[in-house]
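Working notes, beginning with the structure itself.
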Amino acid sequence: MTVKTIDKNELPAAEERAAIEIDVNGIAVEAKPGEMLLSALRRAGIQVPTLCHLEGLFPSGACRMCVVEVDGMANLAPSCACPVTPGMKVLTHSERAIRARKTIIELLLADHPDDCLYCVRSTNCELQKLASELGVRQRRYVGNRRRLKEDASSPSIVRDPEKCILCGKCVRVCEEVQGVGAIDFAGRGSQSQISTAFNESLNIASCIYCGQCIMACPTGALREQSHIKEVMSALANPELTVVVQHAPSVSVTLGEEFGLKPGTDVNGVMTAALRKLGFDRVFDTAFSADLTIMEEASELAHRIKTGGPLPLLTSCSPGWIKFVEQFYPEFKNNLSTCKSPQQMLGAIVKTYYAERENLDPKKIFSVAVMPCTAKKFEAGRVEMLHDGMADVDAVLTTRELARIIRMRHIDFHALTPDAADLPFGERSTAGKLFGATGGVMEAALRTAHFLLTGTELENLKVDAVRGLKGQKEARVKVGDLEVGVAVVSGLQNARRLLDEIRNGRDDLHFIEVMTCPGGCINGGGQPFATDADAVKARMQALYTIDRDEPIRTSHSNLGVKRLYEEFLGEPLSEKSHHLLHTHYVERDVLV
């Protein structure tokens, strides 16, 4: 099924026309001509439940949970797919509408496993929530339940099709937002299910492991591949030195798991919680984000000076790397050879840090707390092995870290903030910006300007690459050179840009791509129930950190400078290439 993505730019005339008035539950509500009823209701603060609606995408009307009574219509109307009309009279919570919604939930539960106590989404499941709200307290429909096999083959994502309610949100996100199409509807009628091509395992499908399907799923049909058991076992092993790093975006999202407002920066409290869990060292991945910038900006400067493959494509996002490998293999040479900050810090911990602390690298268990399910896949890639050891041994999502904190009954609100350990606790705000789309670009431009001209960028804040827009472009003056840059988040946007370059566009030098819309602040491992306002608040928190703290460029990070002086030599040196860079092995190509 082909579904059109709404482009708000296509509707300027409707936006400019005068608002119309509709009657909702006896109250006058203002609506915009041409918009769907659900949108007008939400703007007026009237909540109508839905299981299939995705903001910004053309409505499918699949779940029918949002049905309302509209005067003059014989049948209940799905508000998500019902355009407003002048004088429309609507009852959103009539007895008939509520009874219909309740029946839908009861029918879904008749074919749903009764294992809520064991489900990772228990207490955070939209189906469970609606069943409770609608007063479903007994089983009225019984029958033979579908028995489908769980797919745990992927290094990042587990599919449990028995818990699938066929809302189609995962399919639409995968195809329309990410441009991947790894899953789709298969079968007919009662045999319908969501599956991969030829019903193969997810690990050999075109899945890029981004986890956006998990974020969209209203039940436990999709979840991350958990590393909690491995981490807890390592923490209990006295022979291991267990170190942990946390990604730049996690500190402004973890608090939501404990009832704090989106965008609350809990960096110090999170560090204290990690220490209380028993980690021997707590490091900040923003340190290695600065390290990544030193290498990547140097790589950009080198390619510009020597005529290397341009545009240079960032390599921080593992879902994006897999996307290029599968769909655009001709651009592999354009990818930066830099490892991601996660992998760089993992490599440095098991070499430089092990030497410095006189530790056996084989006795170091390296954990990363990340906003991203694809980071689990990245940590296990063969390219990320060093002397037979993985750079990173286990990856926890933001959600998994919250589960461990609750498991150990740590009172998150009572903790005294603490600082990360040296030598990998120092960071610039440029490294912190990595958590939002455009952040890598802004950090890289600051340092690339310095490397190419010897002077600082006049205005360190680069407004043109900030914000949640899916594709942003700018021309930045670096000495006598005008550098063309682009920032993309969401791989459908990346697909469009790569197609332009494939067709001859040649005015760009550097492109940042983040797999997830909005960047890591909206990653597949972040807290559920993320709305646009929450993502904006997270992004603004990172911008505030950048505005208020003194060290704002990666090349000003004293810890990074010491690392080069004591161990690496200089950016792009032989040692840095050995530890901090990689080349991706040939894989099967999808066309």
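Identifiers for the structure tokens are assigned positionally: chains receive A, B, ... in sequence, residues are indexed from 1 per chain, and ligands are indexed from 1 in the order shown.
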Handout entry: Who sits within 10 Å of Tyr352 (chain A), only C-alpha atoms, same chain under 2 positions skipped, as a PyMOL selection string
Key = chain A and resi 347-350+354-358+361+563+566-568
Would you tabulate, counting only C-alpha atoms, all residues of region 219-331 of chain A that have an atom at most 12 Å from an atom of region 154-178 of chain A, showing the closest pair of atoms and their distance in Å to one decimal, sorted by chain then ascending number, as a Markdown table?
| residue | atom | partner | partner_atom | distance |
| --- | --- | --- | --- | --- |
| A:Thr219 | CA | A:Lys163 | CA | 6.7 |
| A:Gly220 | CA | A:Lys163 | CA | 6.1 |
| A:Ala221 | CA | A:Asp160 | CA | 4.6 |
| A:Leu222 | CA | A:Arg159 | CA | 4.8 |
| A:Arg223 | CA | A:Val158 | CA | 5.3 |
| A:Glu224 | CA | A:Ile157 | CA | 4.5 |
| A:Gln225 | CA | A:Ser156 | CA | 4.9 |
| A:Ser226 | CA | A:Ser156 | CA | 8.1 |
| A:His227 | CA | A:Ser156 | CA | 9.8 |
| A:Pro318 | CA | A:Ser156 | CA | 11.4 |
| A:Gly319 | CA | A:Gln178 | CA | 10.1 |
| A:Trp320 | CA | A:Gln178 | CA | 10.0 |
| A:Phe323 | CA | A:Gln178 | CA | 9.6 |
Handout entry: Those in region 177-416 of chain A with strand (DSSP E) from DSSP, as number ranges by chain
Key = A: 184-186, 193-195, 222-224, 241-246, 281-284, 312-313, 364-370, 385-386, 389-390, 394-397
Just N, CA and C atoms for this one: save the residues we selected as a tab-separated table (two decimals), in the first residue's frame.
chain	number	residue	atom	x	y	z
A	184	ASP	N	6.37	-5.14	6.28
A	184	ASP	CA	5.12	-4.74	5.62
A	184	ASP	C	4.03	-5.74	6.01
A	185	PHE	N	2.81	-5.43	5.62
A	185	PHE	CA	1.70	-6.35	5.86
A	185	PHE	C	1.83	-7.57	4.95
A	186	ALA	N	1.47	-8.72	5.48
A	186	ALA	CA	1.47	-9.96	4.71
A	186	ALA	C	0.23	-10.76	5.09
A	193	GLN	N	-0.53	-10.40	9.08
A	193	GLN	CA	0.51	-10.12	10.05
A	193	GLN	C	1.52	-9.15	9.43
A	194	ILE	N	2.35	-8.60	10.26
A	194	ILE	CA	3.43	-7.75	9.77
A	194	ILE	C	4.70	-8.58	9.74
A	195	SER	N	5.36	-8.57	8.60
A	195	SER	CA	6.47	-9.49	8.40
A	195	SER	C	7.55	-8.85	7.54
A	222	LEU	N	7.40	-4.96	19.58
A	222	LEU	CA	8.77	-4.63	19.20
A	222	LEU	C	9.49	-4.09	20.43
A	223	ARG	N	10.69	-4.55	20.65
A	223	ARG	CA	11.48	-4.09	21.79
A	223	ARG	C	12.96	-4.22	21.46
A	224	GLU	N	13.79	-3.55	22.25
A	224	GLU	CA	15.23	-3.66	22.02
A	224	GLU	C	15.76	-4.99	22.52
A	241	THR	N	37.00	-4.91	35.71
A	241	THR	CA	36.85	-3.47	35.88
A	241	THR	C	35.77	-3.04	34.90
A	242	VAL	N	34.64	-2.60	35.42
A	242	VAL	CA	33.48	-2.28	34.59
A	242	VAL	C	33.39	-0.76	34.42
A	243	VAL	N	33.56	-0.30	33.19
A	243	VAL	CA	33.49	1.13	32.91
A	243	VAL	C	32.25	1.41	32.09
A	244	VAL	N	31.72	2.60	32.22
A	244	VAL	CA	30.52	2.98	31.48
A	244	VAL	C	30.71	4.37	30.90
A	245	GLN	N	30.19	4.56	29.71
A	245	GLN	CA	30.14	5.87	29.07
A	245	GLN	C	28.68	6.20	28.77
A	246	HIS	N	28.34	7.48	28.76
A	246	HIS	CA	26.96	7.88	28.44
A	246	HIS	C	26.95	8.94	27.36
A	281	ARG	N	34.23	3.06	36.76
A	281	ARG	CA	34.55	4.36	36.18
A	281	ARG	C	33.36	4.82	35.34
A	282	VAL	N	33.07	6.11	35.42
A	282	VAL	CA	31.98	6.70	34.64
A	282	VAL	C	32.59	7.76	33.72
A	283	PHE	N	32.49	7.54	32.41
A	283	PHE	CA	33.06	8.45	31.43
A	283	PHE	C	31.95	9.10	30.61
A	284	ASP	N	32.28	10.24	30.01
A	284	ASP	CA	31.31	11.01	29.23
A	284	ASP	C	31.64	10.85	27.74
A	312	LEU	N	31.99	14.79	2.09
A	312	LEU	CA	32.29	13.92	3.21
A	312	LEU	C	30.99	13.66	3.95
A	313	LEU	N	30.68	12.40	4.22
A	313	LEU	CA	29.46	12.02	4.93
A	313	LEU	C	29.82	11.57	6.34
A	364	ILE	N	38.71	-5.66	31.29
A	364	ILE	CA	37.87	-4.46	31.27
A	364	ILE	C	36.56	-4.80	30.54
A	365	PHE	N	35.45	-4.53	31.20
A	365	PHE	CA	34.13	-4.71	30.57
A	365	PHE	C	33.58	-3.31	30.30
A	366	SER	N	33.46	-2.99	29.03
A	366	SER	CA	33.11	-1.63	28.61
A	366	SER	C	31.64	-1.54	28.22
A	367	VAL	N	30.91	-0.66	28.89
A	367	VAL	CA	29.46	-0.50	28.69
A	367	VAL	C	29.20	0.90	28.14
A	368	ALA	N	28.25	1.01	27.22
A	368	ALA	CA	27.84	2.31	26.68
A	368	ALA	C	26.35	2.48	26.90
A	369	VAL	N	25.96	3.64	27.42
A	369	VAL	CA	24.54	3.99	27.55
A	369	VAL	C	24.21	4.91	26.40
A	370	MET	N	23.32	4.47	25.53
A	370	MET	CA	23.09	5.16	24.26
A	370	MET	C	21.59	5.40	24.02
A	385	LEU	N	36.38	-4.69	16.18
A	385	LEU	CA	37.26	-5.53	17.00
A	385	LEU	C	38.67	-4.96	16.97
A	386	HIS	N	39.33	-4.97	18.10
A	386	HIS	CA	40.72	-4.50	18.19
A	386	HIS	C	41.52	-5.56	18.96
A	389	MET	N	39.43	-8.12	20.54
A	389	MET	CA	38.47	-7.69	21.56
A	389	MET	C	37.53	-6.65	20.97
A	390	ALA	N	36.29	-6.66	21.46
A	390	ALA	CA	35.34	-5.63	21.05
A	390	ALA	C	35.70	-4.32	21.75
A	394	ALA	N	28.96	-4.10	25.81
A	394	ALA	CA	27.51	-4.11	25.96
A	394	ALA	C	26.99	-2.69	25.80
A	395	VAL	N	25.78	-2.59	25.24
A	395	VAL	CA	25.14	-1.29	25.05
A	395	VAL	C	23.77	-1.31	25.70
A	396	LEU	N	23.53	-0.33	26.55
A	396	LEU	CA	22.22	-0.15	27.17
A	396	LEU	C	21.53	1.05	26.54
A	397	THR	N	20.24	0.94	26.25
A	397	THR	CA	19.48	2.11	25.84
A	397	THR	C	19.16	2.95	27.08
Practice task
Pick out the residues sitting within 9 Å of Val24 (chain A), and hand them over as JSON, numbers by chain; count only C-alpha atoms, and ignore anything fewer than 3 positions along from it in its own chain.
Solution key: {"A": [27, 28, 29, 41, 88, 89, 90, 91, 92]}
Fill in the blank from the handout: From CA of Gly518 (chain A) to CA of Leu468 (chain A) the spacing works out at 5.4 Å
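You can rank A:Ala443, A:Ala529, A:Ile22, A:Ala486 by their closest distance to Asn124 (chain A) using only C-alpha atoms, and at the top of that list sits A:Ala529.
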